[in-house]
>>> print(open('query06.txt').read())   # compact mmCIF, C-alpha atoms
# COMPACT_ATOMS: atom_id res chain seq x y z
CA MET A 1179 1.58 31.70 143.48
CA ASN A 1180 5.20 32.88 143.30
CA ILE A 1181 7.61 30.62 145.20
CA LEU A 1182 11.19 31.08 146.42
CA ILE A 1183 13.54 28.16 147.16
CA LEU A 1184 16.59 28.96 149.29
CA GLY A 1185 19.74 26.97 148.55
CA ALA A 1186 22.21 25.97 145.85
CA GLY A 1187 22.62 22.18 145.90
CA GLY A 1188 21.22 18.96 144.52
CA ARG A 1189 18.45 19.05 147.13
CA GLU A 1190 17.30 22.46 145.85
CA HIS A 1191 17.46 21.31 142.22
CA ALA A 1192 15.21 18.37 143.19
CA PHE A 1193 12.81 20.79 144.92
CA ALA A 1194 12.78 23.04 141.84
CA TYR A 1195 12.12 20.03 139.57
CA LYS A 1196 9.18 18.92 141.74
CA ILE A 1197 7.68 22.34 142.57
CA SER A 1198 7.78 23.46 138.91
CA GLN A 1199 5.41 20.56 138.07
CA SER A 1200 2.67 22.03 140.27
CA GLU A 1201 -0.15 24.00 138.69
CA LEU A 1202 -0.15 26.10 141.86
CA CYS A 1203 3.31 27.46 141.02
CA ASP A 1204 3.32 30.59 138.88
CA LYS A 1205 6.85 32.00 139.05
CA LEU A 1206 9.69 30.04 140.67
CA PHE A 1207 12.86 31.66 142.02
CA ILE A 1208 15.91 29.91 143.48
CA ALA A 1209 18.48 31.75 145.59
CA PRO A 1210 21.28 31.39 144.71
CA GLY A 1211 20.56 28.19 142.75
CA ASN A 1212 22.90 26.53 140.24
CA ALA A 1213 23.09 25.68 136.53
CA GLY A 1214 20.46 22.96 137.02
CA THR A 1215 17.87 24.98 138.93
CA ALA A 1216 17.99 27.58 136.14
CA GLN A 1217 16.08 25.07 133.95
CA PHE A 1218 13.02 25.34 136.22
CA GLY A 1219 13.03 28.91 137.48
CA LYS A 1220 15.07 32.07 137.82
CA ASN A 1221 18.26 32.04 139.88
CA ILE A 1222 18.63 35.04 142.19
CA ASN A 1223 21.88 36.15 143.79
CA LEU A 1224 20.85 36.35 147.46
CA LYS A 1225 22.90 35.46 150.51
CA LEU A 1226 20.96 32.90 152.56
CA THR A 1227 21.83 34.55 155.87
CA ASN A 1228 20.94 38.09 154.77
CA PHE A 1229 17.32 38.05 155.94
CA ASP A 1230 16.75 41.74 155.15
CA ALA A 1231 17.72 41.21 151.50
CA ILE A 1232 15.48 38.11 151.35
CA LYS A 1233 12.58 40.16 152.80
CA GLU A 1234 13.09 42.90 150.20
CA PHE A 1235 13.01 40.31 147.38
CA VAL A 1236 9.96 38.48 148.79
CA LEU A 1237 7.95 41.72 148.94
CA LYS A 1238 9.15 42.96 145.54
CA GLU A 1239 8.20 39.71 143.75
CA SER A 1240 5.01 38.99 145.78
CA ILE A 1241 6.39 35.67 146.99
CA LYS A 1242 3.73 33.64 148.83
CA MET A 1243 5.84 30.60 149.80
CA VAL A 1244 9.49 30.16 150.81
CA VAL A 1245 11.02 26.67 150.91
CA VAL A 1246 14.25 26.56 152.93
CA GLY A 1247 16.70 23.94 151.70
CA PRO A 1248 19.82 24.06 153.93
CA GLU A 1249 20.14 24.20 157.70
CA ASP A 1250 22.06 27.48 158.22
CA PRO A 1251 19.16 29.94 157.70
CA LEU A 1252 16.90 27.74 159.87
CA VAL A 1253 19.38 27.56 162.75
CA LEU A 1254 19.86 31.35 162.46
CA GLY A 1255 16.08 31.86 162.81
CA ILE A 1256 14.69 32.72 159.38
CA SER A 1257 11.30 31.22 160.35
CA ASP A 1258 11.07 33.52 163.40
CA PHE A 1259 12.17 36.47 161.23
CA PHE A 1260 9.16 35.87 158.94
CA THR A 1261 6.69 35.15 161.77
CA GLU A 1262 7.60 38.30 163.70
CA ASP A 1263 7.52 40.65 160.68
CA SER A 1264 4.10 42.18 159.96
CA GLU A 1265 4.82 42.28 156.21
CA LEU A 1266 6.04 38.66 156.03
CA LYS A 1267 3.93 36.78 158.58
CA ASP A 1268 1.41 35.58 155.96
CA VAL A 1269 4.12 34.13 153.69
CA ALA A 1270 4.19 30.32 154.04
CA LEU A 1271 7.73 29.46 155.15
CA ILE A 1272 8.57 25.74 155.07
CA GLY A 1273 11.06 25.20 157.89
CA PRO A 1274 11.03 25.09 161.69
CA SER A 1275 11.50 27.93 164.17
CA LYS A 1276 14.91 28.66 165.66
CA ARG A 1277 14.05 26.54 168.71
CA GLY A 1278 12.99 23.68 166.46
CA ALA A 1279 16.17 24.01 164.38
CA LEU A 1280 18.27 23.49 167.52
CA LEU A 1281 17.60 19.77 167.05
CA GLU A 1282 20.20 20.01 164.28
CA GLY A 1283 22.03 23.13 165.44
CA SER A 1284 23.15 21.49 168.70
CA LYS A 1285 24.00 17.79 169.06
CA GLU A 1286 23.71 18.21 172.84
CA ARG A 1287 20.21 19.68 172.58
CA ALA A 1288 19.16 16.82 170.28
CA LYS A 1289 20.38 14.23 172.79
CA GLU A 1290 18.63 16.03 175.68
CA PHE A 1291 15.39 16.08 173.63
CA MET A 1292 15.66 12.34 172.94
CA PHE A 1293 16.29 11.48 176.59
CA MET A 1294 13.50 13.80 177.75
CA HIS A 1295 10.95 12.19 175.41
CA LYS A 1296 12.25 8.61 175.87
CA ILE A 1297 13.37 8.23 172.26
CA PRO A 1298 15.93 5.38 171.88
CA THR A 1299 19.48 6.64 171.27
CA ALA A 1300 23.08 6.00 172.31
CA ALA A 1301 24.39 6.96 175.77
CA TYR A 1302 26.39 10.21 175.68
CA GLN A 1303 28.09 13.04 177.56
CA SER A 1304 29.19 16.48 176.34
CA PHE A 1305 32.41 18.37 177.10
CA THR A 1306 34.07 21.76 176.61
CA ALA A 1307 37.72 22.89 176.73
CA GLU A 1308 37.31 23.37 180.50
CA SER A 1309 36.20 19.74 180.94
CA LEU A 1310 38.73 18.19 178.52
CA GLN A 1311 40.18 15.85 181.16
CA ALA A 1312 36.68 14.66 182.09
CA GLY A 1313 36.13 13.91 178.40
CA LYS A 1314 39.29 11.82 178.28
CA ASP A 1315 38.20 10.00 181.45
CA PHE A 1316 34.79 9.30 179.85
CA LEU A 1317 36.53 7.84 176.76
CA ASP A 1318 38.34 5.44 179.13
CA THR A 1319 34.96 4.02 180.18
CA LEU A 1320 33.85 3.25 176.60
CA ASN A 1321 34.73 0.42 174.23
CA ALA A 1322 36.14 1.12 170.76
CA PRO A 1323 35.22 2.55 168.34
CA TYR A 1324 34.86 6.04 169.84
CA VAL A 1325 32.35 8.57 168.46
CA LEU A 1326 33.18 12.31 168.73
CA LYS A 1327 30.66 14.86 167.44
CA ALA A 1328 31.12 18.62 167.14
CA ASP A 1329 28.07 20.11 168.88
CA GLY A 1330 27.35 22.76 166.21
CA LEU A 1331 26.93 22.78 162.42
CA ALA A 1332 29.98 21.43 160.57
CA GLY A 1333 28.56 20.76 157.10
CA GLY A 1334 28.03 17.06 157.80
CA LYS A 1335 31.74 16.58 158.50
CA GLY A 1336 31.91 17.15 162.28
CA VAL A 1337 31.73 13.49 163.30
CA LEU A 1338 34.81 11.32 163.97
CA ILE A 1339 34.66 7.55 164.52
CA LEU A 1340 38.01 6.28 165.81
CA GLU A 1341 39.29 2.82 166.73
CA ASP A 1342 42.26 3.86 168.86
CA LEU A 1343 41.74 5.29 172.38
CA GLU A 1344 44.84 7.51 172.33
CA GLU A 1345 43.92 8.87 168.89
CA ALA A 1346 40.40 9.61 170.19
CA LYS A 1347 41.88 11.59 173.12
CA LYS A 1348 44.18 13.49 170.75
CA GLU A 1349 41.29 14.34 168.40
CA LEU A 1350 39.20 15.51 171.37
CA GLU A 1351 42.06 17.91 172.15
CA ASN A 1352 42.19 19.02 168.49
CA MET A 1353 38.47 19.77 168.51
CA LEU A 1354 38.31 21.57 171.88
CA LEU A 1355 41.71 23.31 172.00
CA GLU A 1356 42.79 23.64 168.34
CA SER A 1357 39.33 24.47 166.85
CA LYS A 1358 39.48 21.60 164.35
CA PHE A 1359 35.84 22.28 163.40
CA GLY A 1360 35.88 25.98 164.30
CA ASN A 1361 33.06 27.27 166.52
CA ALA A 1362 31.05 24.09 165.86
CA GLY A 1363 33.51 22.19 168.06
CA GLU A 1364 33.52 24.48 171.11
CA LYS A 1365 31.49 21.71 172.71
CA VAL A 1366 31.93 18.02 171.82
CA VAL A 1367 29.45 15.21 172.36
CA ILE A 1368 31.02 11.80 173.00
CA GLU A 1369 28.65 8.88 172.62
CA GLU A 1370 28.72 5.12 172.63
CA PHE A 1371 29.15 3.52 169.22
CA LEU A 1372 26.08 1.82 167.78
CA ASP A 1373 27.00 -1.07 165.47
CA GLY A 1374 24.27 -1.74 162.94
CA ILE A 1375 23.00 -0.61 159.54
CA GLU A 1376 22.00 2.99 158.83
CA LEU A 1377 18.61 4.16 157.63
CA SER A 1378 17.18 7.63 156.98
CA VAL A 1379 13.52 8.34 157.73
CA PHE A 1380 11.82 11.56 156.60
CA VAL A 1381 8.76 13.15 158.13
CA LEU A 1382 6.75 16.16 156.98
CA THR A 1383 4.96 17.86 159.87
CA ASP A 1384 2.79 20.92 160.47
CA GLY A 1385 3.60 20.77 164.19
CA GLU A 1386 0.37 18.92 165.00
CA HIS A 1387 0.12 16.20 162.36
CA TYR A 1388 2.73 14.38 160.32
CA LYS A 1389 3.17 12.29 157.19
CA MET A 1390 5.87 9.67 156.70
CA LEU A 1391 7.86 10.13 153.49
CA PRO A 1392 9.82 7.39 151.68
CA THR A 1393 12.82 5.89 153.49
CA ALA A 1394 16.33 6.26 152.07
CA LYS A 1395 19.83 4.96 152.64
CA ASP A 1396 22.71 7.39 152.20
CA TYR A 1397 26.38 6.49 151.66
CA LYS A 1398 28.48 9.03 153.58
CA ARG A 1399 32.06 7.75 153.27
CA ILE A 1400 34.22 8.80 150.31
CA GLY A 1401 35.74 5.35 149.80
CA GLU A 1402 34.24 2.07 148.63
CA GLY A 1403 33.21 -0.37 151.32
CA ASN A 1404 32.28 2.67 153.47
CA THR A 1405 35.91 3.65 154.10
CA GLY A 1406 37.70 6.99 154.30
CA LEU A 1407 36.46 10.42 155.29
CA ASN A 1408 32.84 11.43 155.82
CA THR A 1409 31.28 13.48 153.01
CA GLY A 1410 27.96 15.23 152.49
CA GLY A 1411 26.82 11.98 150.82
CA MET A 1412 28.02 9.89 147.85
CA GLY A 1413 24.69 8.41 146.81
CA ALA A 1414 21.34 7.16 148.08
CA ILE A 1415 18.69 4.49 147.54
CA SER A 1416 14.92 4.67 148.25
CA PRO A 1417 13.09 2.71 149.56
CA VAL A 1418 15.44 0.72 151.79
CA PRO A 1419 14.90 -3.04 151.25
CA PHE A 1420 15.30 -4.02 154.91
CA ALA A 1421 12.83 -1.36 156.15
CA ASP A 1422 9.89 -3.76 156.27
CA ASP A 1423 6.46 -3.09 157.81
CA GLU A 1424 7.51 -4.44 161.22
CA LEU A 1425 10.57 -2.16 161.46
CA MET A 1426 8.66 0.87 160.15
CA GLN A 1427 5.95 0.32 162.77
CA LYS A 1428 8.61 0.32 165.52
CA ILE A 1429 10.13 3.50 164.08
CA GLU A 1430 6.77 5.27 163.90
CA GLU A 1431 5.63 4.23 167.40
CA ARG A 1432 8.93 4.63 169.29
CA ILE A 1433 10.54 7.53 167.40
CA VAL A 1434 8.31 9.52 165.03
CA LYS A 1435 5.25 9.86 167.28
CA PRO A 1436 7.27 10.79 170.43
CA THR A 1437 9.32 13.29 168.37
CA VAL A 1438 6.26 15.15 167.02
CA ALA A 1439 4.54 14.90 170.43
CA GLY A 1440 7.71 16.25 172.09
CA LEU A 1441 7.76 19.29 169.78
CA LYS A 1442 4.10 19.94 170.58
CA LYS A 1443 4.61 19.44 174.32
CA GLU A 1444 7.51 21.92 174.33
CA LYS A 1445 5.37 24.36 172.28
CA ILE A 1446 7.94 24.45 169.48
CA ASP A 1447 6.67 25.95 166.22
CA TYR A 1448 7.67 23.34 163.64
CA LYS A 1449 6.42 23.41 160.06
CA GLY A 1450 8.66 21.44 157.76
CA PHE A 1451 10.79 18.34 157.45
CA ILE A 1452 12.33 16.16 160.14
CA PHE A 1453 15.15 13.95 158.91
CA ILE A 1454 15.79 11.13 161.39
CA GLY A 1455 19.13 9.36 161.01
CA LEU A 1456 18.76 5.87 162.47
CA MET A 1457 20.95 2.90 163.30
CA VAL A 1458 19.15 -0.43 163.19
CA ILE A 1459 20.67 -3.04 165.52
CA LYS A 1460 19.20 -6.56 165.40
CA GLY A 1461 15.89 -5.14 164.18
CA GLU A 1462 15.73 -2.37 166.81
CA PRO A 1463 15.91 1.31 165.74
CA TYR A 1464 18.02 3.96 167.55
CA VAL A 1465 18.31 7.65 166.63
CA ILE A 1466 21.81 8.83 165.67
CA GLU A 1467 20.80 12.38 164.76
CA TYR A 1468 18.05 14.75 163.74
CA ASN A 1469 18.27 17.12 160.80
CA VAL A 1470 15.65 19.84 160.43
CA ARG A 1471 15.49 19.77 156.63
CA MET A 1472 15.68 17.22 153.84
CA GLY A 1473 18.98 15.41 153.40
CA ASP A 1474 21.21 15.63 150.36
CA PRO A 1475 21.50 13.35 148.32
CA GLU A 1476 18.46 11.59 149.86
CA THR A 1477 16.16 14.33 148.50
CA GLU A 1478 17.22 13.31 145.00
CA VAL A 1479 15.67 9.84 145.52
CA VAL A 1480 12.81 10.72 147.91
CA LEU A 1481 11.17 13.64 146.04
CA PRO A 1482 11.03 11.94 142.61
CA ARG A 1483 9.07 9.09 144.28
CA ILE A 1484 6.40 11.47 145.64
CA LYS A 1485 3.54 11.61 143.14
CA SER A 1486 1.48 14.15 145.11
CA ASP A 1487 1.59 17.88 144.36
CA LEU A 1488 4.38 19.18 146.60
CA VAL A 1489 3.08 22.76 146.70
CA GLU A 1490 -0.33 21.52 147.82
CA LEU A 1491 1.36 19.53 150.61
CA PHE A 1492 3.29 22.62 151.71
CA GLN A 1493 0.05 24.62 151.80
CA LYS A 1494 -1.39 22.00 154.16
CA VAL A 1495 1.73 22.30 156.34
CA ALA A 1496 1.36 26.09 156.48
CA SER A 1497 -2.34 25.87 157.43
CA LYS A 1498 -1.80 22.97 159.89
CA THR A 1499 -4.19 20.74 157.91
CA LEU A 1500 -1.71 18.03 156.87
CA ASN A 1501 -4.11 15.45 158.31
CA GLU A 1502 -6.57 16.24 155.51
CA THR A 1503 -4.42 14.72 152.76
CA GLU A 1504 -2.69 11.50 151.77
CA ILE A 1505 0.71 11.32 150.09
CA GLU A 1506 0.91 9.16 146.98
CA ILE A 1507 4.25 7.35 146.57
CA ASP A 1508 5.71 5.68 143.46
CA GLY A 1509 6.27 1.98 144.22
CA ASN A 1510 9.47 1.79 142.17
CA THR A 1511 12.96 2.15 143.62
CA ALA A 1512 15.07 5.25 142.99
CA ALA A 1513 18.87 5.29 143.22
CA THR A 1514 21.22 8.24 142.86
CA VAL A 1515 24.98 8.28 142.29
CA MET A 1516 26.92 11.40 143.29
CA LEU A 1517 29.77 12.61 141.08
CA VAL A 1518 32.35 14.62 143.02
CA SER A 1519 35.45 16.72 142.38
CA GLY A 1520 38.81 14.97 142.75
CA GLY A 1521 40.18 15.56 146.25
CA TYR A 1522 36.76 16.03 147.88
CA PRO A 1523 35.97 16.13 150.84
CA GLU A 1524 39.36 17.80 151.31
CA ALA A 1525 40.94 20.30 148.90
CA TYR A 1526 39.56 20.23 145.34
CA GLU A 1527 39.54 22.47 142.26
CA LYS A 1528 36.52 24.24 140.76
CA GLY A 1529 35.92 25.46 137.22
CA LYS A 1530 36.19 22.13 135.35
CA GLU A 1531 34.00 21.92 132.24
CA ILE A 1532 31.22 19.28 132.45
CA SER A 1533 30.28 17.37 129.30
CA GLY A 1534 27.72 14.70 128.42
CA ILE A 1535 24.63 15.91 130.30
CA ALA A 1536 22.63 16.12 127.06
CA ASN A 1537 23.47 12.46 126.32
CA VAL A 1538 21.81 11.12 129.50
CA GLU A 1539 18.68 9.07 128.77
CA GLY A 1540 16.16 7.64 131.22
CA SER A 1541 17.74 9.25 134.30
CA LEU A 1542 17.41 12.59 136.09
CA VAL A 1543 20.56 14.67 136.51
CA PHE A 1544 20.43 16.92 139.55
CA HIS A 1545 23.09 19.63 139.77
CA ALA A 1546 24.74 19.94 143.18
CA GLY A 1547 27.81 22.13 142.60
CA THR A 1548 27.63 23.68 139.12
CA LYS A 1549 27.39 27.07 137.46
CA GLU A 1550 27.10 28.48 133.96
CA PHE A 1551 30.16 30.26 132.58
CA ASN A 1552 30.63 31.42 128.96
CA ASP A 1553 27.74 29.19 127.80
CA LYS A 1554 29.36 26.16 129.44
CA ILE A 1555 28.46 24.29 132.63
CA ILE A 1556 31.41 24.06 135.00
CA THR A 1557 32.05 22.52 138.42
CA ASN A 1558 31.47 24.82 141.38
CA GLY A 1559 31.65 22.56 144.44
CA GLY A 1560 32.85 19.30 145.96
CA ARG A 1561 29.71 17.37 145.06
CA VAL A 1562 28.90 18.20 141.45
CA LEU A 1563 26.10 16.07 139.96
CA ALA A 1564 23.63 13.42 141.19
CA VAL A 1565 22.35 10.91 138.64
CA THR A 1566 18.97 9.44 139.70
CA SER A 1567 17.21 6.50 138.06
CA PHE A 1568 14.13 4.34 138.69
CA GLY A 1569 13.99 0.55 138.64
CA SER A 1570 11.90 -2.33 139.92
CA ASP A 1571 14.57 -2.79 142.63
CA TYR A 1572 17.72 -0.98 143.75
CA LYS A 1573 20.01 -3.10 141.53
CA GLU A 1574 18.11 -2.16 138.36
CA ALA A 1575 17.94 1.52 139.41
CA LEU A 1576 21.67 1.63 140.17
CA LYS A 1577 22.53 -0.10 136.90
CA LYS A 1578 20.69 2.63 134.94
CA SER A 1579 22.40 5.38 136.94
CA TYR A 1580 25.86 3.90 136.39
CA GLN A 1581 25.18 3.49 132.66
CA ASN A 1582 24.41 7.20 132.44
CA VAL A 1583 27.32 8.19 134.70
CA ASP A 1584 29.56 6.71 131.97
CA LYS A 1585 28.28 9.41 129.59
CA LEU A 1586 29.34 12.25 131.90
CA HIS A 1587 32.79 13.75 132.27
CA PHE A 1588 34.77 16.47 134.00
CA ASP A 1589 38.45 16.53 134.95
CA LYS A 1590 39.25 14.38 138.03
CA MET A 1591 35.59 13.21 138.33
CA TYR A 1592 35.13 10.58 141.06
CA TYR A 1593 32.21 8.45 142.22
CA ARG A 1594 31.62 5.31 144.26
CA LYS A 1595 31.03 2.19 142.17
CA ASP A 1596 29.78 0.02 145.08
CA LEU A 1597 26.53 1.66 146.18
CA GLY A 1598 24.07 -0.90 147.53
CA PHE A 1599 26.89 -3.35 148.39
CA ASP A 1600 25.54 -3.78 151.94
CA LEU A 1601 21.93 -4.47 150.92
CA SER A 1602 22.19 -7.85 149.20
>>> encode(input="query06.txt", output="structure tokens")
Amino acid sequence: MNILILGAGGREHAFAYKISQSELCDKLFIAPGNAGTAQFGKNINLKLTNFDAIKEFVLKESIKMVVVGPEDPLVLGISDFFTEDSELKDVALIGPSKRGALLEGSKERAKEFMFMHKIPTAAYQSFTAESLQAGKDFLDTLNAPYVLKADGLAGGKGVLILEDLEEAKKELENMLLESKFGNAGEKVVIEEFLDGIELSVFVLTDGEHYKMLPTAKDYKRIGEGNTGLNTGGMGAISPVPFADDELMQKIEERIVKPTVAGLKKEKIDYKGFIFIGLMVIKGEPYVIEYNVRMGDPETEVVLPRIKSDLVELFQKVASKTLNETEIEIDGNTAATVMLVSGGYPEAYEKGKEISGIANVEGSLVFHAGTKEFNDKIITNGGRVLAVTSFGSDYKEALKKSYQNVDKLHFDKMYYRKDLGFDLS
């Protein structure tokens, strides 16, 4: 069949790498893609929020499956657009309905869902510009540090964790009155801080049944020792060493099962991935957030560990027969190191020539923010490349990735050298 992947990052390159291995895939298109995805299919210049243009392309190229990478099209309702269109309704679209996507599109909705279905999470309240003073009063009742989350989509950067009460009140003002995060911050969720270690759990569901995918640990902060600003992710490791059978059983029973049951109970059409961001405190799991798609850069360590045919799995999702298959997972550890543009996650320059990719041996290089220009590959984003390697444990996998990172270069290239520091 002909397949279309929507997106342009490292996650989409990993999808293209995996989907292109399937005998069920005839032609593969990626919109808009990047210099890396072009190795596995044809890049197409489509805007991800222009559903009419996507429809025209899907019909023209007889696309039978659409895999949605990023959250924006999902939150805007691309799944509903396909379901409600007589010419598109038989195309298998991997991604939840607009109602399902609200779990990521609104932090408040996600918290309400968790409380409604008794899923363990931090206490919270939400506030708007009109209730600013009430928000400040609520901060007075909490202990430091203070967690402020923009309700809407802010590209993974809409969360502030602050130690000082007065600074927290000032930032609440900046978000609600000065539009620090634009429309995403018209409503702000304030929640109690959970002090533990983070873990990402991924679930593939057809809305009735689900399969657990490999765990991963993402490193969000720009600076070593988890300091500095939040980013889209500076690297990831899968599986997570501390996610033992006992913890995973708690996660499945207390979080995954009630989440899938909650979607079903609320009659939410959900065919796709659920990313569950967790905080583990003294062996007990709590949900920090839901995402309604695969994470990035976690996809770059999770997908390479899946031995099963990904297209076949997606067909099972589309036909609600996911219970009829088992997912085969590689027992080795995968680790990815993200190379970013100097200045990221704030102002950075694009257009820097990348060298050394051909010299990489024994690792996968996933392109996150690249493009081809005059027969050269140049930087085209904040996060540029993800170098993924396998090893018998995370230390061996990381060592291989770092050895290959040394072969790569672009002006002002930066990466974290301490990934895995909190796992030993």
>>> residues_around(input="query06.txt", residues="A:Ala1312", least_positions_apart="4", cutoff="12 Å", atoms="only C-alpha atoms", output="tab-separated table (two decimals) with C-alpha atoms, keeping the file's coordinate frame")
chain	number	residue	atom	x	y	z
A	1303	GLN	CA	28.09	13.04	177.56
A	1304	SER	CA	29.19	16.48	176.34
A	1305	PHE	CA	32.41	18.37	177.10
A	1306	THR	CA	34.07	21.76	176.61
A	1307	ALA	CA	37.72	22.89	176.73
A	1308	GLU	CA	37.31	23.37	180.50
A	1316	PHE	CA	34.79	9.30	179.85
A	1317	LEU	CA	36.53	7.84	176.76
A	1318	ASP	CA	38.34	5.44	179.13
A	1319	THR	CA	34.96	4.02	180.18
A	1347	LYS	CA	41.88	11.59	173.12
A	1350	LEU	CA	39.20	15.51	171.37
A	1351	GLU	CA	42.06	17.91	172.15
A	1366	VAL	CA	31.93	18.02	171.82
A	1368	ILE	CA	31.02	11.80	173.00
>>> closest_residue(input="query06.txt", among="A:Leu1563, A:Arg1594, A:Tyr1388, A:Met1472", to="A:Asn1501", atoms="only C-alpha atoms")
A:Tyr1388
>>> residues_around(input="query06.txt", residues="A:Tyr1195", least_positions_apart="3", cutoff="12 Å", atoms="all atoms listed in the file", output="PyMOL selection string")
chain A and resi 1183+1188-1192+1198-1200+1203+1206-1208+1214-1219+1477-1478+1481-1482+1484+1487-1489+1542-1545
>>> closest_atom_pairs(input="query06.txt", of="stretch 1475-1518 of chain A", to="stretch 1255-1272 of chain A", cutoff="8 Å", atoms="all atoms listed in the file", output="CSV")
residue,atom,partner,partner_atom,distance
A:Phe1492,CA,A:Ile1272,CA,7.0
A:Gln1493,CA,A:Ala1270,CA,7.4
A:Val1495,CA,A:Ile1272,CA,7.8
A:Ala1496,CA,A:Ala1270,CA,5.6
>>> axis_aligned_box(input="query06.txt", around="stretch 1390-1399 of chain A", padding_each_side="4 Å", output="lines of an AutoDock Vina configuration file")
center_x = 19.0
center_y = 7.5
center_z = 154.2
size_x = 34.2
size_y = 13.2
size_z = 13.0
>>> residues_near_point(input="query06.txt", point="(30.2, 19.8, 151.0)", cutoff="9 Å", atoms="only C-alpha atoms", output="PyMOL selection string")
chain A and resi 1333-1335+1409-1411+1522-1523+1559-1561
>>> atom_distance(input="query06.txt", atom1="atom CA of A:Ala1279", atom2="atom CA of A:Val1253")
5.1 Å
>>> residues_around(input="query06.txt", residues="A:Phe1599", least_positions_apart="6", cutoff="10 Å", atoms="all atoms listed in the file", output="JSON list (two decimals) with C-alpha atoms, keeping the file's coordinate frame")
[["chain", "number", "residue", "atom", "x", "y", "z"],
["A", 1402, "GLU", "CA", 34.24, 2.07, 148.63],
["A", 1403, "GLY", "CA", 33.21, -0.37, 151.32],
["A", 1404, "ASN", "CA", 32.28, 2.67, 153.47],
["A", 1573, "LYS", "CA", 20.01, -3.10, 141.53]]
>>> closest_residue(input="query06.txt", among="A:Phe1371, A:Phe1453, A:Tyr1397, A:Phe1235", to="A:Leu1601", atoms="all atoms listed in the file")
A:Tyr1397
>>> closest_residue(input="query06.txt", among="A:Asn1321, A:Thr1499, A:Thr1227, A:Ser1357", to="A:Thr1383", atoms="all atoms listed in the file")
A:Thr1499
>>> residues_around(input="query06.txt", residues="A:Val1470", least_positions_apart="2", cutoff="7 Å", atoms="only C-alpha atoms", output="number ranges by chain")
A: 1249, 1279, 1281-1282, 1451-1453, 1468
>>> residues_around(input="query06.txt", residues="A:Met1457", least_positions_apart="3", cutoff="7 Å", atoms="all atoms listed in the file", output="list in words")
Leu1372, Gly1374, Ile1375, Glu1376, Leu1377, Pro1463, Tyr1464, Val1465 and Ile1466 of chain A
>>> closest_residue(input="query06.txt", among="A:Glu1349, A:Glu1430, A:Asp1600, A:Glu1462", to="A:Met1390", atoms="only C-alpha atoms")
A:Glu1430
>>> atom_distance(input="query06.txt", atom1="atom CA of A:Ala1301", atom2="atom CA of A:Ile1339")
15.2 Å
>>> atom_distance(input="query06.txt", atom1="atom CA of A:Ile1505", atom2="atom CA of A:Arg1471")
18.2 Å
>>> closest_residue(input="query06.txt", among="A:Gly1598, A:Pro1392, A:Gly1473, A:Pro1436", to="A:Ser1416", atoms="only C-alpha atoms")
A:Pro1392
>>> closest_residue(input="query06.txt", among="A:Leu1331, A:Met1292, A:Leu1382, A:Val1538", to="A:Ile1433", atoms="only C-alpha atoms")
A:Met1292
